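Printed here is work_1.cif (mmCIF, C-alpha atoms):
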```cif
data_data
loop_
_atom_site.label_atom_id
_atom_site.label_comp_id
_atom_site.auth_asym_id
_atom_site.auth_seq_id
_atom_site.Cartn_x
_atom_site.Cartn_y
_atom_site.Cartn_z
CA MET A 1 -23.91 14.20 10.56
CA ASP A 2 -26.36 12.06 12.30
CA LEU A 3 -28.42 9.23 10.82
CA TYR A 4 -31.29 8.35 13.10
CA PRO A 5 -32.95 5.02 13.81
CA VAL A 6 -32.93 3.10 10.57
CA ALA A 7 -34.37 -0.37 10.18
CA LEU A 8 -35.86 -1.71 6.98
CA CYS A 9 -37.36 -5.18 6.49
CA GLY A 10 -36.15 -6.27 9.91
CA VAL A 11 -32.55 -5.18 9.29
CA THR A 12 -30.94 -3.84 12.45
CA LEU A 13 -27.51 -2.86 13.70
CA VAL A 14 -26.31 -3.34 17.24
CA LEU A 15 -23.36 -1.60 18.86
CA ALA A 16 -21.10 -3.59 21.15
CA MET A 17 -19.04 -1.37 23.45
CA ALA A 18 -16.32 -3.91 24.13
CA MET A 19 -14.36 -1.81 26.59
CA HIS A 20 -17.35 -1.67 28.92
CA MET A 21 -18.65 -5.13 28.01
CA ILE A 22 -22.02 -3.61 27.12
CA VAL A 23 -24.13 -4.75 24.18
CA GLN A 24 -27.01 -2.54 23.08
CA ARG A 25 -29.62 -4.37 21.06
CA SER A 26 -32.00 -2.34 18.97
CA ARG A 27 -35.46 -3.28 17.75
CA ARG A 28 -35.67 -6.01 15.16
CA SER A 29 -39.14 -4.94 14.04
CA PRO A 30 -39.32 -2.95 10.79
CA SER A 31 -39.16 0.82 11.19
CA SER A 32 -39.63 3.73 8.83
CA SER A 33 -37.48 6.02 10.97
CA PRO A 34 -35.20 8.00 8.66
CA VAL A 35 -31.50 8.60 8.54
CA LYS A 36 -30.49 11.87 10.16
CA SER A 37 -27.32 13.43 8.80
CA VAL A 38 -25.40 16.52 9.81
CA ILE A 39 -22.82 17.87 7.42
CA GLN A 40 -21.30 20.57 9.64
CA LYS A 41 -17.77 19.71 10.65
CA ASP A 42 -17.47 22.07 13.61
CA PRO A 43 -18.97 20.97 16.97
CA GLU A 44 -21.18 24.06 17.46
CA ASN A 45 -23.06 23.74 14.16
CA GLU A 46 -23.22 19.99 14.52
CA ALA A 47 -24.75 20.25 17.99
CA THR A 48 -27.32 22.78 16.76
CA ALA A 49 -28.41 20.50 13.94
CA LEU A 50 -28.58 17.47 16.20
CA ALA A 51 -30.77 19.32 18.70
CA SER A 52 -33.37 20.09 16.02
CA GLN A 53 -35.43 17.76 13.86
CA GLN A 54 -33.22 18.47 10.86
CA LEU A 55 -32.77 15.23 8.94
CA PHE A 56 -30.76 16.54 6.02
CA PRO A 57 -27.67 18.76 6.11
CA ILE A 58 -27.29 21.97 4.13
CA GLU A 59 -25.82 21.34 0.66
CA SER A 60 -26.64 17.64 0.79
CA ALA A 61 -28.30 15.84 -2.10
CA VAL A 62 -31.82 14.54 -1.46
CA ASN A 63 -34.68 12.97 -3.34
CA THR A 64 -38.02 14.78 -3.17
CA ARG A 65 -41.36 13.05 -3.54
CA ASN A 66 -42.71 15.38 -6.24
CA PHE A 67 -39.75 17.09 -7.91
CA GLY A 68 -37.06 14.41 -8.17
CA PRO A 69 -33.51 14.98 -6.90
CA GLY A 70 -32.53 18.26 -5.29
CA THR A 71 -30.05 20.01 -3.02
CA ILE A 72 -30.79 21.36 0.46
CA LEU A 73 -30.27 25.14 0.57
CA ASN A 74 -31.67 25.99 4.00
CA TYR A 75 -33.66 24.65 6.93
CA ASP A 76 -36.26 26.42 9.08
CA VAL A 77 -36.54 24.79 12.51
CA ALA A 78 -39.95 26.03 13.68
CA PRO A 79 -42.09 24.81 10.76
CA ASP A 80 -39.65 21.95 10.01
CA GLU A 81 -39.31 23.08 6.40
CA TYR A 82 -36.50 22.89 3.87
CA GLN A 83 -35.55 25.16 1.04
CA VAL A 84 -34.56 22.78 -1.73
CA GLN A 85 -33.12 23.54 -5.14
CA VAL A 86 -34.74 21.34 -7.77
CA SER A 87 -34.88 21.27 -11.55
CA ILE A 88 -38.22 21.88 -13.28
CA ASN A 89 -38.25 21.83 -17.09
CA ASP A 90 -34.45 22.03 -17.02
CA GLU A 91 -34.54 25.21 -14.94
CA LYS A 92 -33.23 25.34 -11.39
CA THR A 93 -35.67 26.71 -8.85
CA ALA A 94 -35.98 26.81 -5.05
CA LYS A 95 -38.94 25.12 -3.38
CA ILE A 96 -40.07 25.25 0.25
CA LEU A 97 -40.88 21.68 1.23
CA LYS A 98 -42.11 20.03 4.41
CA ALA A 99 -39.93 17.28 5.87
CA ASP A 100 -42.37 14.60 4.77
CA GLU A 101 -42.01 15.78 1.16
CA LEU A 102 -38.43 14.51 1.16
CA VAL A 103 -37.53 10.85 0.70
CA HIS A 104 -35.92 9.47 3.84
CA VAL A 105 -32.73 7.45 3.58
CA THR A 106 -32.92 4.00 5.18
CA VAL A 107 -30.75 0.91 5.52
CA SER A 108 -31.63 -1.77 2.98
CA GLU A 109 -28.90 -4.39 3.40
CA ILE A 110 -26.05 -5.35 5.74
CA TYR A 111 -23.16 -7.65 4.81
CA ILE A 112 -20.25 -9.26 6.58
CA TYR A 113 -17.25 -10.82 4.85
CA PRO A 114 -15.90 -13.40 7.30
CA ILE A 115 -12.94 -14.28 5.05
CA LYS A 116 -11.05 -11.38 3.54
CA SER A 117 -11.58 -11.22 -0.24
CA CYS A 118 -14.16 -14.03 -0.34
CA ARG A 119 -17.96 -14.01 -0.77
CA GLY A 120 -19.99 -11.99 1.71
CA ILE A 121 -22.94 -13.03 3.87
CA ARG A 122 -26.11 -10.93 4.01
CA VAL A 123 -27.40 -10.62 7.57
CA ASP A 124 -30.65 -9.33 9.06
CA HIS A 125 -29.01 -8.25 12.30
CA ILE A 126 -25.45 -8.13 13.56
CA VAL A 127 -23.34 -6.65 16.35
CA ALA A 128 -21.34 -3.54 15.46
CA THR A 129 -18.11 -3.36 17.43
CA ALA A 130 -15.29 -0.87 17.80
CA LYS A 131 -13.34 -2.94 15.23
CA GLY A 132 -16.14 -3.36 12.69
CA LEU A 133 -19.15 -5.62 12.29
CA ARG A 134 -18.76 -8.80 14.29
CA ASN A 135 -17.02 -11.54 12.26
CA ASP A 136 -16.28 -9.18 9.39
CA ARG A 137 -12.86 -9.90 7.85
CA VAL A 138 -11.58 -11.75 10.91
CA LEU A 139 -10.22 -14.60 8.77
CA MET A 140 -7.94 -14.58 5.75
CA PHE A 141 -5.77 -16.71 3.51
CA CYS A 142 -2.05 -16.01 3.33
CA ASP A 143 1.12 -17.52 1.90
CA THR A 144 3.60 -19.43 4.04
CA ASN A 145 5.40 -16.16 4.80
CA GLY A 146 2.20 -14.77 6.30
CA LYS A 147 1.52 -12.28 3.48
CA PHE A 148 -2.19 -11.85 2.81
CA ILE A 149 -3.66 -12.86 -0.55
CA THR A 150 -6.73 -11.42 -2.27
CA GLN A 151 -8.75 -11.43 -5.48
CA ARG A 152 -6.33 -8.87 -6.88
CA ARG A 153 -3.85 -11.68 -7.51
CA TYR A 154 -6.20 -14.67 -7.32
CA PRO A 155 -9.59 -13.56 -8.73
CA THR A 156 -11.14 -17.02 -8.29
CA MET A 157 -11.21 -16.33 -4.55
CA ALA A 158 -14.49 -14.56 -5.38
CA LEU A 159 -16.00 -18.04 -5.79
CA ILE A 160 -15.20 -19.13 -2.23
CA VAL A 161 -18.43 -19.06 -0.22
CA PRO A 162 -17.94 -19.24 3.57
CA ILE A 163 -20.81 -20.52 5.70
CA LEU A 164 -20.91 -19.80 9.43
CA ASP A 165 -22.87 -22.03 11.78
CA ASP A 166 -23.79 -18.83 13.66
CA ASN A 167 -23.24 -15.36 12.21
CA GLU A 168 -22.59 -13.78 15.60
CA ASN A 169 -20.80 -16.49 17.62
CA PRO A 170 -19.60 -19.13 15.15
CA ALA A 171 -17.83 -22.30 16.25
CA VAL A 172 -17.48 -23.77 12.76
CA LEU A 173 -16.90 -22.27 9.33
CA THR A 174 -17.56 -24.33 6.21
CA LEU A 175 -15.46 -23.63 3.13
CA THR A 176 -17.37 -24.14 -0.13
CA ALA A 177 -16.53 -23.49 -3.78
CA LYS A 178 -17.58 -24.97 -7.10
CA GLY A 179 -15.57 -28.11 -7.88
CA MET A 180 -14.29 -28.42 -4.32
CA PRO A 181 -15.48 -30.66 -1.48
CA GLU A 182 -17.01 -28.80 1.44
CA LEU A 183 -14.70 -28.53 4.42
CA ARG A 184 -15.89 -27.90 7.97
CA VAL A 185 -13.26 -25.92 9.84
CA PRO A 186 -13.59 -25.66 13.64
CA ILE A 187 -12.64 -22.05 14.36
CA LEU A 188 -9.50 -21.87 16.48
CA ARG A 189 -9.24 -18.78 18.61
CA GLU A 190 -6.54 -17.34 20.80
CA GLY A 191 -4.97 -20.04 22.98
CA LYS A 192 -6.42 -22.90 20.91
CA GLY A 193 -4.10 -22.95 17.91
CA ARG A 194 -0.62 -22.10 16.67
CA GLU A 195 0.06 -18.38 16.47
CA ALA A 196 1.40 -16.96 13.21
CA ASP A 197 2.89 -13.62 12.22
CA VAL A 198 1.02 -12.21 9.21
CA THR A 199 0.95 -9.01 7.18
CA VAL A 200 -1.80 -6.93 5.58
CA TRP A 201 -0.15 -4.23 3.49
CA GLN A 202 2.25 -2.47 5.87
CA SER A 203 0.60 -3.83 9.02
CA ASN A 204 2.21 -6.66 10.96
CA LEU A 205 -0.36 -8.72 12.86
CA VAL A 206 -0.62 -11.84 14.98
CA ALA A 207 -3.12 -14.51 13.95
CA VAL A 208 -4.11 -18.06 14.86
CA ASP A 209 -3.50 -20.73 12.22
CA GLN A 210 -6.66 -22.72 11.42
CA GLY A 211 -4.96 -26.04 10.72
CA ASP A 212 -3.57 -28.18 7.92
CA ALA A 213 -6.90 -29.33 6.45
CA ALA A 214 -7.91 -25.75 5.60
CA SER A 215 -4.42 -25.10 4.26
CA GLU A 216 -4.65 -28.10 1.95
CA TRP A 217 -8.12 -27.02 0.79
CA ILE A 218 -7.12 -23.49 -0.27
CA THR A 219 -3.82 -24.69 -1.74
CA LYS A 220 -5.73 -27.16 -3.92
CA PHE A 221 -8.32 -24.56 -4.92
CA LEU A 222 -5.69 -22.06 -6.11
CA GLU A 223 -3.19 -24.55 -7.57
CA LYS A 224 -3.84 -23.64 -11.24
CA ASN A 225 -2.66 -20.06 -10.74
CA SER A 226 -0.30 -20.31 -7.79
CA GLN A 227 2.84 -21.86 -9.32
CA GLY A 228 2.93 -24.54 -6.66
CA LYS A 229 2.66 -22.19 -3.69
CA GLU A 230 1.22 -23.35 -0.38
CA PHE A 231 -1.27 -21.23 1.54
CA ARG A 232 -2.50 -21.05 5.11
CA PHE A 233 -5.84 -20.08 6.67
CA VAL A 234 -5.67 -17.81 9.73
CA ARG A 235 -7.91 -15.92 12.14
CA ILE A 236 -7.01 -12.66 13.87
CA LYS A 237 -5.81 -13.06 17.44
CA ASP A 238 -8.60 -11.50 19.48
CA SER A 239 -6.32 -9.54 21.79
CA PHE A 240 -4.24 -8.11 18.94
CA ARG A 241 -4.66 -4.40 18.29
CA ARG A 242 -4.22 -3.02 14.78
CA PRO A 243 -4.64 0.77 14.60
CA VAL A 244 -6.07 2.41 11.51
CA ASP A 245 -4.44 5.44 9.90
CA PRO A 246 -4.32 8.06 12.70
CA LYS A 247 -4.60 10.82 10.10
CA TYR A 248 -8.23 9.84 9.58
CA ALA A 249 -9.24 7.90 12.68
CA PRO A 250 -6.91 8.23 15.67
CA ASP A 251 -7.47 5.73 18.48
CA HIS A 252 -9.48 3.34 16.30
CA GLU A 253 -8.69 -0.24 15.32
CA THR A 254 -9.56 -2.76 12.66
CA VAL A 255 -8.76 -6.39 11.86
CA PHE A 256 -7.94 -7.79 8.38
CA ALA A 257 -9.73 -5.05 6.39
CA ASP A 258 -7.49 -3.12 4.02
CA LYS A 259 -7.89 0.21 5.79
CA PHE A 260 -10.98 0.97 7.85
CA LEU A 261 -13.74 -0.59 9.94
CA TYR A 262 -16.89 -0.12 7.87
CA LEU A 263 -17.78 0.60 4.26
CA LEU A 264 -21.07 2.30 3.37
CA ALA A 265 -22.64 2.85 -0.06
CA MET A 266 -25.85 4.27 -1.55
CA ASP A 267 -27.70 1.74 -3.72
CA SER A 268 -28.49 4.36 -6.37
CA SER A 269 -24.78 4.94 -6.99
CA VAL A 270 -24.50 1.65 -8.86
CA ASP A 271 -27.11 2.85 -11.37
CA VAL A 272 -24.86 5.71 -12.46
CA ILE A 273 -21.95 3.31 -12.93
CA ASN A 274 -24.07 1.02 -15.10
CA LYS A 275 -25.07 3.93 -17.33
CA ALA A 276 -21.38 4.54 -18.01
CA LEU A 277 -20.73 0.91 -18.96
CA ASP A 278 -21.14 -0.15 -22.59
CA ASP A 279 -22.07 -3.80 -22.29
CA THR A 280 -21.58 -5.20 -18.81
CA GLN A 281 -23.96 -4.36 -15.99
CA ILE A 282 -22.64 -4.75 -12.46
CA ARG A 283 -24.16 -5.17 -9.01
CA MET A 284 -23.30 -3.69 -5.65
CA ASP A 285 -21.44 -6.85 -4.60
CA ARG A 286 -18.51 -5.70 -6.77
CA PHE A 287 -17.83 -2.99 -4.18
CA ARG A 288 -18.26 -5.16 -1.07
CA PRO A 289 -19.94 -2.64 1.29
CA ASN A 290 -21.04 -3.49 4.81
CA ILE A 291 -24.01 -1.12 4.89
CA ILE A 292 -26.18 -0.28 1.88
CA LEU A 293 -28.57 2.67 2.06
CA THR A 294 -31.61 3.31 -0.10
CA GLY A 295 -33.70 6.43 -0.75
CA GLY A 296 -30.83 8.84 -1.41
CA PRO A 297 -29.43 10.24 -4.66
CA VAL A 298 -26.23 8.90 -6.17
CA PHE A 299 -23.16 9.32 -3.95
CA ALA A 300 -25.21 11.31 -1.42
CA ASP A 301 -23.16 9.77 1.40
CA GLU A 302 -19.86 11.36 0.37
CA PRO A 303 -20.26 14.80 2.04
CA TRP A 304 -21.80 13.39 5.22
CA ASN A 305 -19.89 13.88 8.42
CA CYS A 306 -21.55 11.86 11.19
CA PHE A 307 -24.78 9.90 11.41
CA THR A 308 -26.62 7.37 13.53
CA ILE A 309 -28.35 4.11 12.69
CA ASN A 310 -30.70 2.82 15.38
CA GLY A 311 -29.01 5.19 17.79
CA LEU A 312 -25.49 4.01 16.87
CA ARG A 313 -23.22 6.88 15.94
CA PHE A 314 -20.96 6.53 12.91
CA ARG A 315 -18.53 9.03 11.40
CA ASN A 316 -17.60 9.27 7.75
CA VAL A 317 -13.81 9.57 7.74
CA LYS A 318 -12.84 9.15 4.10
CA ALA A 319 -14.15 8.40 0.62
CA CYS A 320 -13.10 4.90 -0.46
CA ASP A 321 -10.49 4.79 -3.22
CA ARG A 322 -10.91 1.54 -5.11
CA CYS A 323 -8.34 -0.98 -6.23
CA SER A 324 -8.72 -3.57 -9.01
CA LEU A 325 -10.98 -5.80 -6.92
CA PRO A 326 -14.28 -4.34 -8.22
CA CYS A 327 -13.09 -5.45 -11.67
CA VAL A 328 -13.49 -9.09 -10.61
CA ASP A 329 -16.86 -10.61 -11.53
CA PRO A 330 -18.12 -12.30 -8.34
CA ALA A 331 -20.18 -14.76 -10.39
CA THR A 332 -17.30 -16.06 -12.52
CA GLY A 333 -14.12 -15.17 -10.64
CA THR A 334 -12.64 -13.50 -13.73
CA ALA A 335 -11.01 -10.07 -13.90
CA THR A 336 -11.60 -7.38 -16.53
CA SER A 337 -10.88 -3.66 -16.92
CA GLU A 338 -14.39 -2.64 -15.82
CA PRO A 339 -15.80 -0.82 -13.97
CA ARG A 340 -12.51 1.02 -13.36
CA LYS A 341 -12.13 2.08 -16.99
CA ALA A 342 -15.63 3.55 -17.17
CA MET A 343 -15.50 5.16 -13.71
CA LEU A 344 -12.08 6.79 -13.89
CA PRO A 345 -13.05 9.79 -16.09
CA PHE A 346 -15.79 11.01 -13.71
CA ARG A 347 -14.97 9.33 -10.39
CA ASN A 348 -11.26 10.08 -10.02
CA GLY A 349 -10.01 12.02 -7.01
CA GLU A 350 -9.04 15.19 -8.86
CA VAL A 351 -12.40 15.51 -10.63
CA LEU A 352 -14.20 14.97 -7.32
CA GLY A 353 -11.95 17.43 -5.54
CA PHE A 354 -10.90 14.96 -2.84
CA GLN A 355 -7.17 15.50 -3.17
CA ARG A 356 -4.53 16.36 -5.70
CA GLY A 357 -2.51 13.66 -7.38
CA THR A 358 -5.38 11.18 -7.37
CA ARG A 359 -6.51 11.35 -11.00
CA HIS A 360 -5.49 7.71 -11.42
CA MET A 361 -7.62 6.64 -8.43
CA TYR A 362 -11.37 6.07 -8.60
CA PHE A 363 -13.77 6.34 -5.67
CA PHE A 364 -16.93 4.57 -4.54
CA GLY A 365 -18.41 4.39 -1.04
CA SER A 366 -17.46 5.89 2.31
CA HIS A 367 -15.22 4.58 5.08
CA LEU A 368 -16.77 4.76 8.55
CA ILE A 369 -15.82 4.41 12.19
CA VAL A 370 -18.06 3.95 15.25
CA GLU A 371 -17.89 6.70 17.84
#
```

Turn this file's structure into structure tokens for me.
Amino acid sequence: MDLYPVALCGVTLVLAMAMHMIVQRSRRSPSSSPVKSVIQKDPENEATALASQQLFPIESAVNTRNFGPGTILNYDVAPDEYQVQVSINDEKTAKILKADELVHVTVSEIYIYPIKSCRGIRVDHIVATAKGLRNDRVLMFCDTNGKFITQRRYPTMALIVPILDDNENPAVLTLTAKGMPELRVPILREGKGREADVTVWQSNLVAVDQGDAASEWITKFLEKNSQGKEFRFVRIKDSFRRPVDPKYAPDHETVFADKFLYLLAMDSSVDVINKALDDTQIRMDRFRPNIILTGGPVFADEPWNCFTINGLRFRNVKACDRCSLPCVDPATGTATSEPRKAMLPFRNGEVLGFQRGTRHMYFFGSHLIVE
């Protein structure tokens, strides 16, 4: 599927083709250009859709301007019209609608998470690379054996707020958290610091240790729940290559992310989760996406195949199965059973038809790669 130039409120994405040392910068001025998506998996149908003005794939969920949510049934190229199934007075009916009668999907927010499992930073523009957004999850905390640590075991990590002196080319990162002194950490890159062997799940990686001061800071911050353990602060070695699962994205790499390069979500999807919750209301930051879209129905991104944002081509490789991390309240650093408990009955893998044996897994958002 193909999302076309999307920029809202000055938000832009930029693709950096590292292998050719080329950086494409897109407009920073606001644009109402819509997302163009193509659901067809086979190259012939995909090419046909891309060659036309078709913005929405067949069978995709859309919002209409006059009839609420609907589903695309067909597209007529010449008049640029869609046949859309909508519900009127609780009865399903097909309407022929012009393209401008459909609500276009646009990018509303972009986030990077410089330190794995810590607070994110909202950005107005950023470079998108073959390994993910620049400076996204390039740093992490680990134990002295190099094993990564996250909010799953230490939920108060949600309260750590990193500040970069420059979101694209930082020289210094400042560690901040309530009750802790701020610590300025000069970022040590390859060749400037001690190398360390680290692990993220089953992946063995090489990182650069960021020094004793940062180690003492995080060790002090986590001391109440760490049973006297010591921790280190590391940055990925720039030349290190960590492949993602070749089943979903052969020949692609990532850094300290759990699985994939990018995470996308539709802002309306959170509304459905909140309706299922009894007392607590949650925000999108529980799910830690990189790209948030607006204008589409709930979970409209899940069937998409490929799309472009400001001319940058992304591919949706897999729905994101969630761990316990969304159950950590980012405002308090405490863990509960929600939203997993509320989501599991209607967002588990078997109900959604993603794969068998996943009824104990719940899904939110889509994993992406850059093509």

Axis-aligned box for range 185-192 of chain A, 6 Å per side, centre and edges in Å as lines of an AutoDock Vina configuration file:
```
center_x = -9.3
center_y = -21.6
center_z = 16.4
size_x = 20.6
size_y = 20.6
size_z = 25.1
```

Mind checking which residues fall within 6 Å of Val234 in chain A, counting all atoms listed in the file, ignoring those fewer than 6 positions away in the same chain, and posting them as a PDB file with C-alpha atoms, in the frame of the given file?
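Once everything was written out, this is out07.pdb:
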```pdb
ATOM      1  CA  LEU A 139     -10.220 -14.600   8.770  1.00  0.00           C
ATOM      2  CA  MET A 140      -7.940 -14.580   5.750  1.00  0.00           C
ATOM      3  CA  ALA A 207      -3.120 -14.510  13.950  1.00  0.00           C
ATOM      4  CA  VAL A 208      -4.110 -18.060  14.860  1.00  0.00           C
ATOM      5  CA  ASP A 209      -3.500 -20.730  12.220  1.00  0.00           C
ATOM      6  CA  GLN A 210      -6.660 -22.720  11.420  1.00  0.00           C
TER       7      GLN A 210
END
```

Applied to this file, what does the PyMOL selection byres ((chain A and resi 340-347) around 8) return in terms of residues, put as a PyMOL selection string?
-> chain A and resi 273+276-277+324+326-327+337-339+348-349+351-352+359-364

Evaluate the PyMOL selection byres ((chain A and resi 270) around 8) on the structure here and hand back the selected residues as a PyMOL selection string.
-> chain A and resi 266-269+271-274+282-284+298

Option closest in space to Cys142 in chain A, from A:Ala213, A:Leu222, A:Ala319, A:Val198 [counting only C-alpha atoms] = A:Val198

With the file shown as input, list the residues that the PyMOL selection byres ((chain A and resi 260-264) around 9) selects, as a PyMOL selection string.
-> chain A and resi 130-133+136+244-245+249+252-255+257-259+265-266+288-293+301+316+320+365-370

From the list A:Val185, A:Ala214, A:Leu55, A:Leu173, the nearest residue to His104 in chain A using all atoms listed in the file is A:Leu55

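Separating CA of Ile309 in chain A from CA of Glu371 in chain A is a distance of 11.9 Å.
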
Local residues around (1.5, -6.9, 15.6), at most 7 Å away, using only C-alpha atoms, as a PDB file with C-alpha atoms, in the frame of the given file:
```
ATOM      1  CA  ASN A 204       2.210  -6.660  10.960  1.00  0.00           C
ATOM      2  CA  LEU A 205      -0.360  -8.720  12.860  1.00  0.00           C
ATOM      3  CA  VAL A 206      -0.620 -11.840  14.980  1.00  0.00           C
ATOM      4  CA  PHE A 240      -4.240  -8.110  18.940  1.00  0.00           C
ATOM      5  CA  ARG A 242      -4.220  -3.020  14.780  1.00  0.00           C
TER       6      ARG A 242
END
```

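Between CA of Ile149 in chain A and CA of Lys116 in chain A there is a distance of 8.6 Å.
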
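When only C-alpha atoms are used to compute distances to Ile236 in chain A, the closest of the residues A:Leu73, A:Leu164, A:Cys306, A:Ala196 turns out to be A:Ala196.
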
Distance query Ala158 in chain A at most 7 Å, only C-alpha atoms, self and fewer than 4 positions along chain excluded, as a PyMOL selection string = chain A and resi 117-119+151+330+333

Those residues with C-alpha atoms, as a short mmCIF file (atom, residue, chain, number, x, y, z; two decimals), in the coordinates of the input please?
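What landed in selection06.cif:
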```cif
data_model
loop_
_atom_site.label_atom_id
_atom_site.label_comp_id
_atom_site.auth_asym_id
_atom_site.auth_seq_id
_atom_site.Cartn_x
_atom_site.Cartn_y
_atom_site.Cartn_z
CA SER A 117 -11.58 -11.22 -0.24
CA CYS A 118 -14.16 -14.03 -0.34
CA ARG A 119 -17.96 -14.01 -0.77
CA GLN A 151 -8.75 -11.43 -5.48
CA PRO A 330 -18.12 -12.30 -8.34
CA GLY A 333 -14.12 -15.17 -10.64
#
```

Give me the residues near Asp143 in chain A as a short mmCIF file (atom, residue, chain, number, x, y, z; two decimals) with C-alpha atoms, keeping the file's coordinate frame, where near means some atom within 12 Å (using only C-alpha atoms) and where sequence neighbours in that chain fewer than 4 positions away do not count.
```cif
data_model
loop_
_atom_site.label_atom_id
_atom_site.label_comp_id
_atom_site.auth_asym_id
_atom_site.auth_seq_id
_atom_site.Cartn_x
_atom_site.Cartn_y
_atom_site.Cartn_z
CA LYS A 147 1.52 -12.28 3.48
CA PHE A 148 -2.19 -11.85 2.81
CA ILE A 149 -3.66 -12.86 -0.55
CA THR A 150 -6.73 -11.42 -2.27
CA ALA A 196 1.40 -16.96 13.21
CA ASP A 197 2.89 -13.62 12.22
CA VAL A 198 1.02 -12.21 9.21
CA THR A 199 0.95 -9.01 7.18
CA VAL A 200 -1.80 -6.93 5.58
CA ASP A 209 -3.50 -20.73 12.22
CA SER A 215 -4.42 -25.10 4.26
CA ILE A 218 -7.12 -23.49 -0.27
CA THR A 219 -3.82 -24.69 -1.74
CA LEU A 222 -5.69 -22.06 -6.11
CA SER A 226 -0.30 -20.31 -7.79
CA GLY A 228 2.93 -24.54 -6.66
CA LYS A 229 2.66 -22.19 -3.69
CA GLU A 230 1.22 -23.35 -0.38
CA PHE A 231 -1.27 -21.23 1.54
CA ARG A 232 -2.50 -21.05 5.11
CA PHE A 233 -5.84 -20.08 6.67
CA VAL A 234 -5.67 -17.81 9.73
#
```

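If you look at CA of Pro79 in chain A and CA of Ile96 in chain A, they are 10.7 Å away from each other.
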
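Among the candidates A:Asp166, A:Asp238, A:Asp251, A:Glu182, the residue lying nearest to Phe221 in chain A is A:Glu182 (atoms considered: all atoms listed in the file).
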
Atom completion result for range 107-119 of chain A (N, CA and C atoms) as a compact mmCIF listing (two decimals), in the frame of the given file:
```txt
# COMPACT_ATOMS: atom_id res chain seq x y z
N VAL A 107 -31.64 2.05 5.76
CA VAL A 107 -30.75 0.91 5.52
C VAL A 107 -31.53 -0.18 4.80
N SER A 108 -30.97 -0.69 3.71
CA SER A 108 -31.63 -1.77 2.98
C SER A 108 -30.95 -3.11 3.17
N GLU A 109 -29.62 -3.12 3.28
CA GLU A 109 -28.90 -4.39 3.40
C GLU A 109 -27.67 -4.22 4.27
N ILE A 110 -27.28 -5.30 4.95
CA ILE A 110 -26.05 -5.35 5.74
C ILE A 110 -25.30 -6.62 5.37
N TYR A 111 -23.99 -6.50 5.18
CA TYR A 111 -23.16 -7.65 4.81
C TYR A 111 -21.94 -7.75 5.70
N ILE A 112 -21.55 -8.98 5.98
CA ILE A 112 -20.25 -9.26 6.58
C ILE A 112 -19.47 -10.13 5.61
N TYR A 113 -18.14 -10.04 5.69
CA TYR A 113 -17.25 -10.82 4.85
C TYR A 113 -16.29 -11.56 5.78
N PRO A 114 -16.71 -12.72 6.28
CA PRO A 114 -15.90 -13.40 7.30
C PRO A 114 -14.45 -13.65 6.86
N ILE A 115 -14.28 -14.05 5.58
CA ILE A 115 -12.94 -14.28 5.05
C ILE A 115 -12.58 -13.13 4.12
N LYS A 116 -11.49 -12.49 4.38
CA LYS A 116 -11.05 -11.38 3.54
C LYS A 116 -10.98 -11.81 2.08
N SER A 117 -11.61 -11.03 1.21
CA SER A 117 -11.58 -11.22 -0.24
C SER A 117 -12.37 -12.43 -0.74
N CYS A 118 -13.27 -12.95 0.10
CA CYS A 118 -14.16 -14.03 -0.34
C CYS A 118 -15.61 -13.54 -0.29
N ARG A 119 -16.55 -14.39 -0.66
CA ARG A 119 -17.96 -14.01 -0.77
C ARG A 119 -18.50 -13.51 0.57
```
